[in-house]
file coords-v6.txt (compact mmCIF, C-alpha atoms)
# COMPACT_ATOMS: atom_id res chain seq x y z
CA MET F 18 -3.88 42.75 29.67
CA LEU F 19 -4.87 39.59 27.82
CA LYS F 20 -2.12 38.33 25.58
CA VAL F 21 -3.10 35.92 22.80
CA ILE F 22 -0.40 33.79 21.24
CA LEU F 23 -1.22 32.16 17.93
CA ALA F 24 0.66 29.05 16.89
CA PRO F 25 2.09 29.15 13.35
CA PHE F 26 -0.20 27.60 10.81
CA SER F 27 -0.90 27.53 7.10
CA LEU F 28 -4.10 28.99 5.74
CA PRO F 29 -6.51 26.45 4.21
CA VAL F 30 -6.00 26.01 0.49
CA LEU F 31 -8.87 25.06 -1.79
CA THR F 32 -7.74 21.95 -3.67
CA ASP F 33 -10.98 20.84 -5.29
CA SER F 34 -14.51 22.03 -5.89
CA LEU F 35 -17.52 20.03 -7.02
CA SER F 36 -20.93 21.45 -7.88
CA LEU F 37 -23.74 19.22 -6.61
CA SER F 38 -27.23 19.76 -8.01
CA THR F 39 -28.85 17.55 -5.39
CA SER F 40 -31.37 17.68 -2.59
CA GLY F 41 -28.85 16.92 0.17
CA ILE F 42 -25.78 14.91 1.04
CA ASN F 43 -26.26 11.58 2.82
CA GLY F 44 -22.63 10.48 3.05
CA ILE F 45 -19.06 11.06 1.86
CA ALA F 46 -16.07 8.73 1.49
CA VAL F 47 -12.65 10.13 0.58
CA ASN F 48 -9.03 9.19 -0.02
CA ASP F 49 -6.28 11.49 -1.27
CA ASN F 50 -7.80 13.42 -4.21
CA HIS F 51 -10.72 11.06 -4.80
CA LEU F 52 -14.10 11.25 -3.14
CA ALA F 53 -17.54 9.70 -3.49
CA VAL F 54 -20.77 11.37 -2.40
CA ILE F 55 -24.25 9.91 -2.02
CA SER F 56 -27.27 12.17 -2.35
CA GLY F 57 -30.73 10.70 -2.55
CA LYS F 58 -30.49 7.96 -5.18
CA ASN F 59 -27.31 9.35 -6.77
CA VAL F 60 -23.63 8.46 -6.44
CA ILE F 61 -21.28 11.25 -7.51
CA ASP F 62 -17.48 11.06 -7.70
CA SER F 63 -14.86 13.79 -7.67
CA ASN F 64 -14.69 13.67 -11.48
CA GLY F 65 -18.32 14.78 -11.59
CA LYS F 66 -19.58 11.41 -12.84
CA THR F 67 -23.03 10.46 -11.54
CA VAL F 68 -24.70 7.06 -11.28
CA ALA F 69 -28.45 7.08 -10.55
CA LEU F 70 -29.78 4.03 -8.68
CA ASP F 71 -33.28 2.80 -7.85
CA GLU F 72 -33.41 3.48 -4.10
CA GLU F 73 -32.45 6.05 -1.50
CA LEU F 74 -28.85 5.46 -0.44
CA LYS F 75 -27.76 5.24 3.19
CA ASN F 76 -24.05 4.34 3.40
CA VAL F 77 -20.95 4.83 1.25
CA ALA F 78 -17.35 3.58 1.34
CA LEU F 79 -14.30 3.61 -0.93
CA THR F 80 -11.79 0.88 -1.69
CA LYS F 81 -9.50 -0.14 -4.54
CA ASN F 82 -9.23 -3.22 -6.72
CA SER F 83 -6.00 -5.07 -7.49
CA ASN F 84 -5.31 -2.66 -10.40
CA GLY F 85 -5.51 0.36 -8.10
CA ASP F 86 -8.84 1.57 -9.50
CA TYR F 87 -11.24 3.15 -7.02
CA ILE F 88 -14.38 1.19 -6.20
CA THR F 89 -17.30 2.97 -4.55
CA VAL F 90 -19.54 0.74 -2.43
CA VAL F 91 -22.97 2.07 -1.44
CA SER F 92 -26.02 0.58 0.25
CA GLY F 93 -29.72 1.30 0.21
CA PRO F 94 -32.49 -0.46 2.12
CA ASN F 95 -32.46 -3.48 -0.20
CA LYS F 96 -29.17 -3.71 -2.12
CA ILE F 97 -25.43 -3.10 -2.05
CA TYR F 98 -23.94 -1.60 -5.21
CA SER F 99 -20.35 -1.35 -6.45
CA ILE F 100 -19.38 1.42 -8.87
CA SER F 101 -16.17 2.40 -10.63
CA ASN F 102 -15.43 5.29 -12.98
CA GLY F 103 -19.11 6.20 -13.30
CA GLN F 104 -20.19 2.63 -14.16
CA LEU F 105 -22.30 0.23 -12.09
CA LEU F 106 -20.23 -2.95 -11.66
CA ASN F 107 -22.56 -5.12 -9.62
CA GLU F 108 -25.41 -5.23 -7.13
CA PHE F 109 -26.67 -7.83 -4.69
CA ASP F 110 -29.41 -8.17 -2.08
CA TYR F 111 -28.81 -6.53 1.29
CA ASN F 112 -30.88 -6.88 4.44
CA SER F 113 -29.53 -4.86 7.34
CA SER F 114 -30.65 -1.95 9.48
CA SER F 115 -27.01 -1.02 10.14
CA GLY F 116 -24.06 0.06 8.05
CA PHE F 117 -21.39 -2.10 6.45
CA SER F 118 -17.62 -2.28 6.73
CA ILE F 119 -14.85 -3.38 4.35
CA ALA F 120 -11.84 -5.56 5.16
CA ASP F 121 -9.22 -7.91 3.74
CA LEU F 122 -10.29 -11.26 5.22
CA LYS F 123 -8.38 -13.75 3.07
CA HIS F 124 -5.33 -12.00 1.55
CA ASN F 125 -6.46 -13.35 -1.83
CA GLY F 126 -6.72 -9.99 -3.56
CA GLN F 127 -10.40 -9.47 -2.68
CA ASN F 128 -11.77 -7.08 -0.08
CA PHE F 129 -15.02 -8.19 1.53
CA ILE F 130 -18.11 -6.20 2.48
CA ILE F 131 -19.20 -7.12 6.01
CA TYR F 132 -22.58 -6.48 7.58
CA SER F 133 -25.03 -7.82 10.15
CA SER F 134 -28.24 -9.40 8.88
CA GLY F 135 -30.52 -10.64 11.63
CA LYS F 136 -28.87 -13.65 13.29
CA ASN F 137 -25.97 -13.65 10.79
CA ILE F 138 -22.77 -11.80 9.98
CA GLU F 139 -22.32 -11.77 6.21
CA ALA F 140 -19.05 -11.29 4.31
CA LYS F 141 -19.29 -10.86 0.54
CA ASN F 142 -16.96 -9.59 -2.16
CA ILE F 143 -18.00 -6.86 -4.58
CA SER F 144 -19.55 -9.43 -6.93
CA GLY F 145 -21.79 -10.68 -4.09
CA ALA F 146 -20.00 -14.01 -3.53
CA SER F 147 -19.74 -15.08 0.11
CA ALA F 148 -16.34 -15.51 1.73
CA ASP F 149 -15.38 -19.09 2.53
CA ASN F 150 -16.78 -20.21 5.93
CA PHE F 151 -19.40 -17.44 6.03
CA SER F 152 -22.19 -16.60 7.03
CA PHE F 153 -21.50 -16.69 10.77
CA THR F 154 -24.61 -17.33 12.89
CA ASP F 155 -25.15 -16.19 16.49
CA PRO F 156 -25.02 -19.46 18.47
CA GLU F 157 -27.65 -18.09 20.89
CA GLY F 158 -29.96 -17.18 18.01
CA ILE F 159 -30.56 -13.64 19.31
CA GLY F 160 -28.96 -11.73 16.45
CA PHE F 161 -26.53 -8.93 15.68
CA SER F 162 -26.80 -5.15 15.45
CA GLY F 163 -24.57 -2.26 14.51
CA THR F 164 -21.75 -1.95 12.02
CA PRO F 165 -19.10 -4.70 12.34
CA LEU F 166 -15.49 -3.66 12.87
CA ALA F 167 -12.46 -5.38 11.34
CA ALA F 168 -8.80 -5.71 12.33
CA ASP F 169 -6.03 -8.30 12.24
CA PHE F 170 -5.19 -8.57 15.93
CA GLU F 171 -4.21 -12.27 16.00
CA GLY F 172 -1.26 -11.75 13.69
CA ASP F 173 -2.34 -14.34 11.11
CA SER F 174 -2.45 -11.77 8.25
CA LYS F 175 -6.22 -12.20 8.01
CA SER F 176 -8.63 -9.71 9.52
CA GLU F 177 -10.90 -10.65 12.38
CA ILE F 178 -14.48 -9.35 12.39
CA ILE F 179 -15.79 -7.78 15.60
CA ALA F 180 -19.58 -7.74 15.91
CA GLU F 181 -22.06 -6.99 18.68
CA THR F 182 -25.29 -8.80 19.49
CA LEU F 183 -28.60 -7.31 20.56
CA ASP F 184 -28.02 -8.49 24.14
CA GLY F 185 -24.55 -6.96 24.47
CA ARG F 186 -22.16 -9.79 23.59
CA ILE F 187 -19.14 -8.90 21.45
CA PHE F 188 -17.86 -11.57 19.08
CA ALA F 189 -14.55 -11.74 17.23
CA ILE F 190 -14.78 -14.01 14.20
CA GLY F 191 -11.70 -15.21 12.33
CA GLY F 192 -11.77 -14.00 8.74
CA GLY F 193 -9.96 -17.10 7.58
CA THR F 194 -11.84 -19.69 9.63
CA GLY F 195 -15.27 -18.16 10.22
CA LYS F 196 -14.99 -19.34 13.84
CA VAL F 197 -15.08 -17.48 17.15
CA VAL F 198 -11.67 -16.25 18.31
CA TYR F 199 -10.46 -17.63 21.66
CA GLY F 200 -11.48 -15.39 24.59
CA PHE F 201 -14.67 -14.16 22.94
CA PRO F 202 -17.48 -13.27 23.21
CA LEU F 203 -16.97 -10.41 25.62
CA ILE F 204 -19.98 -9.79 27.85
CA THR F 205 -21.45 -6.39 28.74
CA GLY F 206 -24.86 -7.57 29.95
CA ASN F 207 -26.74 -4.79 28.18
CA HIS F 208 -27.52 -3.53 24.70
CA ILE F 209 -24.65 -1.54 23.18
CA SER F 210 -25.83 1.98 22.36
CA LEU F 211 -23.09 3.04 19.90
CA THR F 212 -20.87 1.28 17.43
CA PRO F 213 -17.76 0.18 19.38
CA ALA F 214 -14.39 1.73 18.53
CA LEU F 215 -10.93 0.22 18.20
CA TYR F 216 -8.03 2.27 19.56
CA LEU F 217 -4.49 1.90 20.89
CA LYS F 218 -3.82 1.71 24.61
CA ASP F 219 -0.10 1.48 25.43
CA ASN F 220 0.46 0.40 21.80
CA LYS F 221 -1.93 -2.51 22.20
CA LEU F 222 -5.13 -2.78 20.18
CA SER F 223 -8.14 -2.23 22.41
CA ILE F 224 -11.92 -1.90 22.07
CA ALA F 225 -14.20 0.64 23.75
CA VAL F 226 -17.94 0.09 24.27
CA VAL F 227 -20.81 2.13 25.74
CA THR F 228 -24.07 0.42 26.77
CA ASP F 229 -27.64 1.68 27.19
CA ASP F 230 -27.28 1.76 30.99
CA ASN F 231 -24.47 4.36 30.60
CA HIS F 232 -21.62 1.98 31.37
CA PHE F 233 -18.29 2.27 29.60
CA TYR F 234 -16.20 -0.85 28.97
CA SER F 235 -12.71 -1.20 27.55
CA TRP F 236 -10.71 -4.34 26.79
CA VAL F 237 -7.19 -4.85 25.48
CA ILE F 238 -7.66 -7.48 22.77
CA SER F 239 -4.14 -7.82 21.37
CA SER F 240 -0.56 -7.72 22.60
CA THR F 241 0.41 -5.64 19.53
CA THR F 242 -0.93 -2.67 17.59
CA GLY F 243 -2.48 -5.05 15.05
CA LYS F 244 -3.68 -3.81 11.67
CA THR F 245 -7.05 -2.09 11.53
CA PHE F 246 -9.28 -2.02 8.48
CA TRP F 247 -12.52 -0.64 9.93
CA SER F 248 -12.10 0.74 13.46
CA SER F 249 -15.24 2.86 13.96
CA GLU F 250 -18.66 3.61 12.46
CA ASN F 251 -17.21 5.50 9.51
CA GLY F 252 -14.09 3.46 8.96
CA ASN F 253 -11.41 5.23 11.00
CA ASN F 254 -10.66 8.26 13.14
CA LEU F 255 -10.68 10.45 10.01
CA ASN F 256 -14.21 9.25 9.12
CA SER F 257 -12.93 8.73 5.57
CA ALA F 258 -14.67 5.34 5.02
CA PHE F 259 -11.72 4.13 2.93
CA VAL F 260 -9.94 0.76 2.85
CA ASP F 261 -7.00 0.17 0.54
CA ALA F 262 -6.76 -2.70 -1.96
CA ALA F 263 -6.48 -6.21 -0.51
CA ASP F 264 -3.14 -8.01 -0.41
CA ARG F 265 -2.56 -11.05 -2.64
CA LEU F 266 -0.44 -13.27 -0.38
CA ASN F 267 -2.68 -16.24 -1.17
CA PHE F 268 -2.51 -15.69 -4.92
CA ILE F 269 -4.46 -18.04 -7.19
CA ASN F 270 -2.55 -18.51 -10.47
CA GLU F 271 -4.94 -21.00 -12.08
CA PHE F 272 -7.50 -19.77 -14.59
CA PHE F 273 -10.46 -21.81 -13.26
CA PRO F 274 -9.36 -23.78 -10.16
CA SER F 275 -11.44 -26.85 -9.30
CA LYS F 276 -11.04 -26.27 -5.55
CA ARG F 277 -12.92 -22.96 -5.91
CA ALA F 278 -15.90 -24.61 -7.67
CA TYR F 279 -18.65 -25.76 -5.30
CA ASN F 280 -22.20 -24.99 -4.27
CA TYR F 281 -23.83 -24.12 -0.97
CA PRO F 282 -25.93 -25.13 0.76
CA ASN F 283 -25.31 -28.74 -0.20
CA PRO F 284 -27.50 -30.74 0.31
CA VAL F 285 -30.12 -28.24 -0.82
CA TYR F 286 -33.24 -28.23 1.38
CA GLY F 287 -34.65 -24.87 0.30
CA SER F 288 -35.63 -23.33 -3.01
CA SER F 289 -32.19 -22.30 -4.29
CA THR F 290 -28.46 -22.96 -4.09
CA ASN F 291 -25.42 -20.80 -4.86
CA ILE F 292 -22.97 -22.19 -7.42
CA HIS F 293 -19.61 -20.69 -6.50
CA TYR F 294 -16.51 -20.41 -8.74
CA TYR F 295 -13.39 -18.34 -9.41
CA VAL F 296 -11.85 -17.17 -12.69
CA SER F 297 -8.60 -15.29 -13.10
CA GLN F 298 -9.77 -13.62 -16.35
CA ASP F 299 -13.03 -12.01 -17.46
CA SER F 300 -15.13 -14.94 -18.63
CA LYS F 301 -18.49 -16.08 -19.92
CA ILE F 302 -19.93 -18.80 -17.68
CA ASN F 303 -22.19 -21.58 -18.89
CA ILE F 304 -23.63 -24.05 -16.38
CA LYS F 305 -25.44 -27.17 -17.60
CA ILE F 306 -27.14 -29.31 -14.95
CA PHE F 307 -27.80 -33.01 -15.57
CA ASP F 308 -29.55 -35.73 -13.60
CA ILE F 309 -27.91 -39.09 -12.94
CA ALA F 310 -29.43 -40.51 -16.14
CA GLY F 311 -27.59 -37.83 -18.13
CA SER F 312 -30.64 -35.78 -19.09
CA LEU F 313 -30.26 -32.00 -19.23
CA VAL F 314 -32.34 -30.49 -16.41
CA ASP F 315 -31.41 -26.81 -16.53
CA GLU F 316 -28.96 -24.35 -18.09
CA LEU F 317 -27.63 -21.10 -16.63
CA ASN F 318 -25.49 -18.37 -18.18
CA ASP F 319 -23.51 -15.66 -16.40
CA PHE F 320 -20.51 -13.35 -16.70
CA ALA F 321 -17.62 -13.28 -14.21
CA GLY F 322 -14.97 -10.61 -13.79
CA GLY F 323 -11.39 -11.85 -13.50
CA GLY F 324 -9.66 -12.17 -10.14
CA LEU F 325 -12.85 -12.58 -8.12
CA ASP F 326 -15.01 -15.33 -6.73
CA HIS F 327 -18.51 -15.33 -8.22
CA GLU F 328 -21.82 -17.05 -7.59
CA THR F 329 -24.69 -18.04 -9.84
CA ILE F 330 -28.00 -18.87 -8.17
CA TRP F 331 -29.81 -22.04 -9.28
CA ASN F 332 -33.53 -21.97 -8.46
CA VAL F 333 -34.53 -25.55 -7.58
CA GLY F 334 -38.18 -24.85 -6.70
CA ASN F 335 -39.39 -27.09 -9.53
CA ILE F 336 -36.56 -29.64 -9.30
CA GLN F 337 -37.21 -33.06 -7.77
CA SER F 338 -35.12 -34.61 -4.99
CA GLY F 339 -32.02 -36.39 -6.22
CA ILE F 340 -28.34 -36.12 -7.16
CA TYR F 341 -27.40 -33.76 -9.99
CA LEU F 342 -24.17 -32.91 -11.81
CA ALA F 343 -23.39 -29.29 -12.67
CA ARG F 344 -20.99 -28.83 -15.60
CA ILE F 345 -19.48 -25.35 -15.21
CA GLU F 346 -17.67 -24.04 -18.28
CA ALA F 347 -15.62 -20.85 -18.16
CA ALA F 348 -14.64 -19.26 -21.48
CA SER F 349 -12.38 -16.25 -21.04
CA LEU F 350 -12.42 -13.28 -23.36
CA ALA F 351 -8.72 -14.04 -23.96
CA GLY F 352 -9.57 -17.49 -25.37
CA ASN F 353 -9.05 -19.86 -22.41
CA THR F 354 -11.74 -22.49 -21.82
CA GLU F 355 -11.94 -24.88 -18.87
CA ILE F 356 -14.62 -27.06 -17.28
CA ASN F 357 -15.35 -28.11 -13.69
CA ILE F 358 -18.03 -30.57 -12.59
CA ILE F 359 -19.63 -30.54 -9.16
CA LYS F 360 -22.23 -32.77 -7.53
CA ILE F 361 -25.40 -31.24 -6.04
CA ALA F 362 -27.83 -33.08 -3.76
CA ILE F 363 -31.45 -31.85 -3.50
CA VAL F 364 -33.63 -33.04 -0.62
CA LYS F 365 -37.33 -32.17 -0.37
call {"tool": "encode", "arguments": {"input": "coords-v6.txt", "output": "structure tokens"}}
result
Amino acid sequence: MLKVILAPFSLPVLTDSLSLSTSGINGIAVNDNHLAVISGKNVIDSNGKTVALDEELKNVALTKNSNGDYITVVSGPNKIYSISNGQLLNEFDYNSSSGFSIADLKHNGQNFIIYSSGKNIEAKNISGASADNFSFTDPEGIGFSGTPLAADFEGDSKSEIIAETLDGRIFAIGGGTGKVVYGFPLITGNHISLTPALYLKDNKLSIAVVTDDNHFYSWVISSTTGKTFWSSENGNNLNSAFVDAADRLNFINEFFPSKRAYNYPNPVYGSSTNIHYYVSQDSKINIKIFDIAGSLVDELNDFAGGGLDHETIWNVGNIQSGIYLARIEAASLAGNTEINIIKIAIVK
């Protein structure tokens, strides 16, 4: 006689239901009672709010801002979008055949979106501003593939980025420094067929890799458990694609700090440069650019959300070589006004 013993369990309980009038689901991100779904060109949250975008969406993730509000991050073939409470917050250009990850790189209250783009690893906040010391470029010039992973395994309270190259090297890049972590890259000698995975081996953070020639590799990369932000293709072992709000250990208490105002590249050899700045409050931004003689050359206007780094692009295609001064004025909606001046060199 076959005896079947059933372990005690609780029957599944329906906690939420959402009607989706769509052609199919492309991805889901979830945390607690909040979820975000992408279907075709639509982003739908668990409150039934829908945002329609201009391209077919491929990847979705959830995070929170410093106020605890949910932010949905989605990508299509050409752009990354950030959405909150049924409203499009921002979008910026995106060029990657792989997915993206999210991690706290700086402990400055901003999570960063990380992705491979040809020979570079990019790290940008939800407004599209690059993290300090990024992009990171493959020193061999071969290029990256796959979704980057992220974890603090050096114990410096800043996440490291783990990224694979097309020829099977595995880099770890310091989120604070933008430089290669000691002991890396790891070498497999062949193209990596799946996104690597971070896991614990004897309570030590480790990485597992499978290559196209059916070899399995595993390395212990830390003497501790570390802190993981994005440990697998879909974020974690629950496939929830969720990362909590970033810590604010490196808090900026100035309204418009001069050390956060700069442009890159500088000197400018191409057709544009990014004027980078930070405001602690929602602000209107006015940028007036003067030549050395004091003549007004160009004027740019923008809006910046508080608590984030932002960038305004200056197109210099019709600007002659020389030294220019950019007067950046931030006027907050609360009434604060401050000015920073930076020097920009253009070489053609």
call {"tool": "residues_around", "arguments": {"input": "coords-v6.txt", "residues": "Gly160 in chain F", "least_positions_apart": "3", "cutoff": "7 Å", "atoms": "only C-alpha atoms", "output": "list in words"}}
result
Gly135, Lys136, Asn137, Asp155, Thr182 and Leu183 of chain F
call {"tool": "residues_around", "arguments": {"input": "coords-v6.txt", "residues": "Gly172 in chain F", "least_positions_apart": "6", "cutoff": "12 Å", "atoms": "only C-alpha atoms", "output": "list in words"}}
result
Gly191, Gly192, Gly193, Leu222, Ile238, Ser239, Ser240, Thr241, Thr242, Gly243, Lys244 and Thr245 of chain F
call {"tool": "atom_distance", "arguments": {"input": "coords-v6.txt", "atom1": "CA of Tyr132 in chain F", "atom2": "CA of Thr212 in chain F"}}
result
12.7 Å
call {"tool": "residues_around", "arguments": {"input": "coords-v6.txt", "residues": "Thr329 in chain F", "least_positions_apart": "3", "cutoff": "7 Å", "atoms": "only C-alpha atoms", "output": "PDB file with C-alpha atoms, keeping the file's coordinate frame"}}
result
ATOM      1  CA  ASN F 291     -25.420 -20.800  -4.860  1.00  0.00           C
ATOM      2  CA  ILE F 292     -22.970 -22.190  -7.420  1.00  0.00           C
ATOM      3  CA  HIS F 293     -19.610 -20.690  -6.500  1.00  0.00           C
TER       4      HIS F 293
END
call {"tool": "residues_around", "arguments": {"input": "coords-v6.txt", "residues": "Phe273 in chain F", "least_positions_apart": "5", "cutoff": "7 Å", "atoms": "all atoms listed in the file", "output": "JSON list (two decimals) with C-alpha atoms, in the coordinates of the input"}}
result
[["chain", "number", "residue", "atom", "x", "y", "z"],
["F", 295, "TYR", "CA", -13.39, -18.34, -9.41],
["F", 296, "VAL", "CA", -11.85, -17.17, -12.69],
["F", 297, "SER", "CA", -8.60, -15.29, -13.10],
["F", 355, "GLU", "CA", -11.94, -24.88, -18.87]]
call {"tool": "closest_residue", "arguments": {"input": "coords-v6.txt", "among": "F:Asn102, F:Ser235, F:Asn84, F:Asn270", "to": "Ala53 in chain F", "atoms": "all atoms listed in the file"}}
result
F:Asn102
call {"tool": "atom_distance", "arguments": {"input": "coords-v6.txt", "atom1": "CA of Phe129 in chain F", "atom2": "CA of Pro284 in chain F"}}
result
25.8 Å
call {"tool": "decode", "arguments": {"input": "coords-v6.txt", "residues": "range 318-339 of chain F", "atoms": "N, CA and C atoms", "output": "compact mmCIF listing (two decimals), in the first residue's frame"}}
result
# COMPACT_ATOMS: atom_id res chain seq x y z
N ASN F 318 17.35 76.45 -20.75
CA ASN F 318 16.43 76.40 -19.62
C ASN F 318 16.02 74.97 -19.36
N ASP F 319 15.86 74.61 -18.08
CA ASP F 319 15.54 73.24 -17.72
C ASP F 319 14.80 73.25 -16.39
N PHE F 320 14.34 72.08 -15.97
CA PHE F 320 13.71 71.91 -14.66
C PHE F 320 14.38 70.74 -13.98
N ALA F 321 14.67 70.87 -12.68
CA ALA F 321 15.36 69.83 -11.93
C ALA F 321 14.59 69.47 -10.68
N GLY F 322 14.34 68.18 -10.49
CA GLY F 322 13.69 67.71 -9.26
C GLY F 322 14.66 67.74 -8.10
N GLY F 323 14.17 68.03 -6.91
CA GLY F 323 15.02 68.14 -5.73
C GLY F 323 15.58 66.80 -5.28
N GLY F 324 16.82 66.85 -4.76
CA GLY F 324 17.46 65.66 -4.22
C GLY F 324 18.13 64.77 -5.24
N LEU F 325 18.29 65.26 -6.47
CA LEU F 325 18.88 64.47 -7.54
C LEU F 325 19.91 65.29 -8.30
N ASP F 326 20.92 64.60 -8.82
CA ASP F 326 21.78 65.20 -9.82
C ASP F 326 21.03 65.27 -11.14
N HIS F 327 21.30 66.30 -11.92
CA HIS F 327 20.66 66.48 -13.22
C HIS F 327 21.71 66.91 -14.24
N GLU F 328 21.35 66.77 -15.51
CA GLU F 328 22.23 67.20 -16.60
C GLU F 328 21.42 67.90 -17.68
N THR F 329 21.99 68.98 -18.19
CA THR F 329 21.44 69.68 -19.34
C THR F 329 22.47 69.61 -20.46
N ILE F 330 22.03 69.19 -21.63
CA ILE F 330 22.95 69.03 -22.76
C ILE F 330 23.10 70.35 -23.51
N TRP F 331 24.35 70.77 -23.73
CA TRP F 331 24.63 71.95 -24.54
C TRP F 331 25.18 71.48 -25.88
N ASN F 332 24.47 71.77 -26.95
CA ASN F 332 24.90 71.41 -28.30
C ASN F 332 25.89 72.48 -28.79
N VAL F 333 27.13 72.07 -29.04
CA VAL F 333 28.18 73.02 -29.42
C VAL F 333 28.57 72.87 -30.89
N GLY F 334 27.69 72.26 -31.69
CA GLY F 334 28.00 72.03 -33.10
C GLY F 334 28.34 73.30 -33.86
N ASN F 335 27.68 74.41 -33.48
CA ASN F 335 27.91 75.68 -34.18
C ASN F 335 28.74 76.66 -33.36
N ILE F 336 29.38 76.15 -32.30
CA ILE F 336 30.18 77.00 -31.41
C ILE F 336 31.67 76.88 -31.77
N GLN F 337 32.36 77.99 -31.85
CA GLN F 337 33.77 77.99 -32.21
C GLN F 337 34.63 77.53 -31.04
N SER F 338 35.87 77.11 -31.36
CA SER F 338 36.82 76.73 -30.32
C SER F 338 37.09 77.91 -29.40
N GLY F 339 37.29 77.62 -28.12
CA GLY F 339 37.59 78.68 -27.17
C GLY F 339 37.19 78.31 -25.76
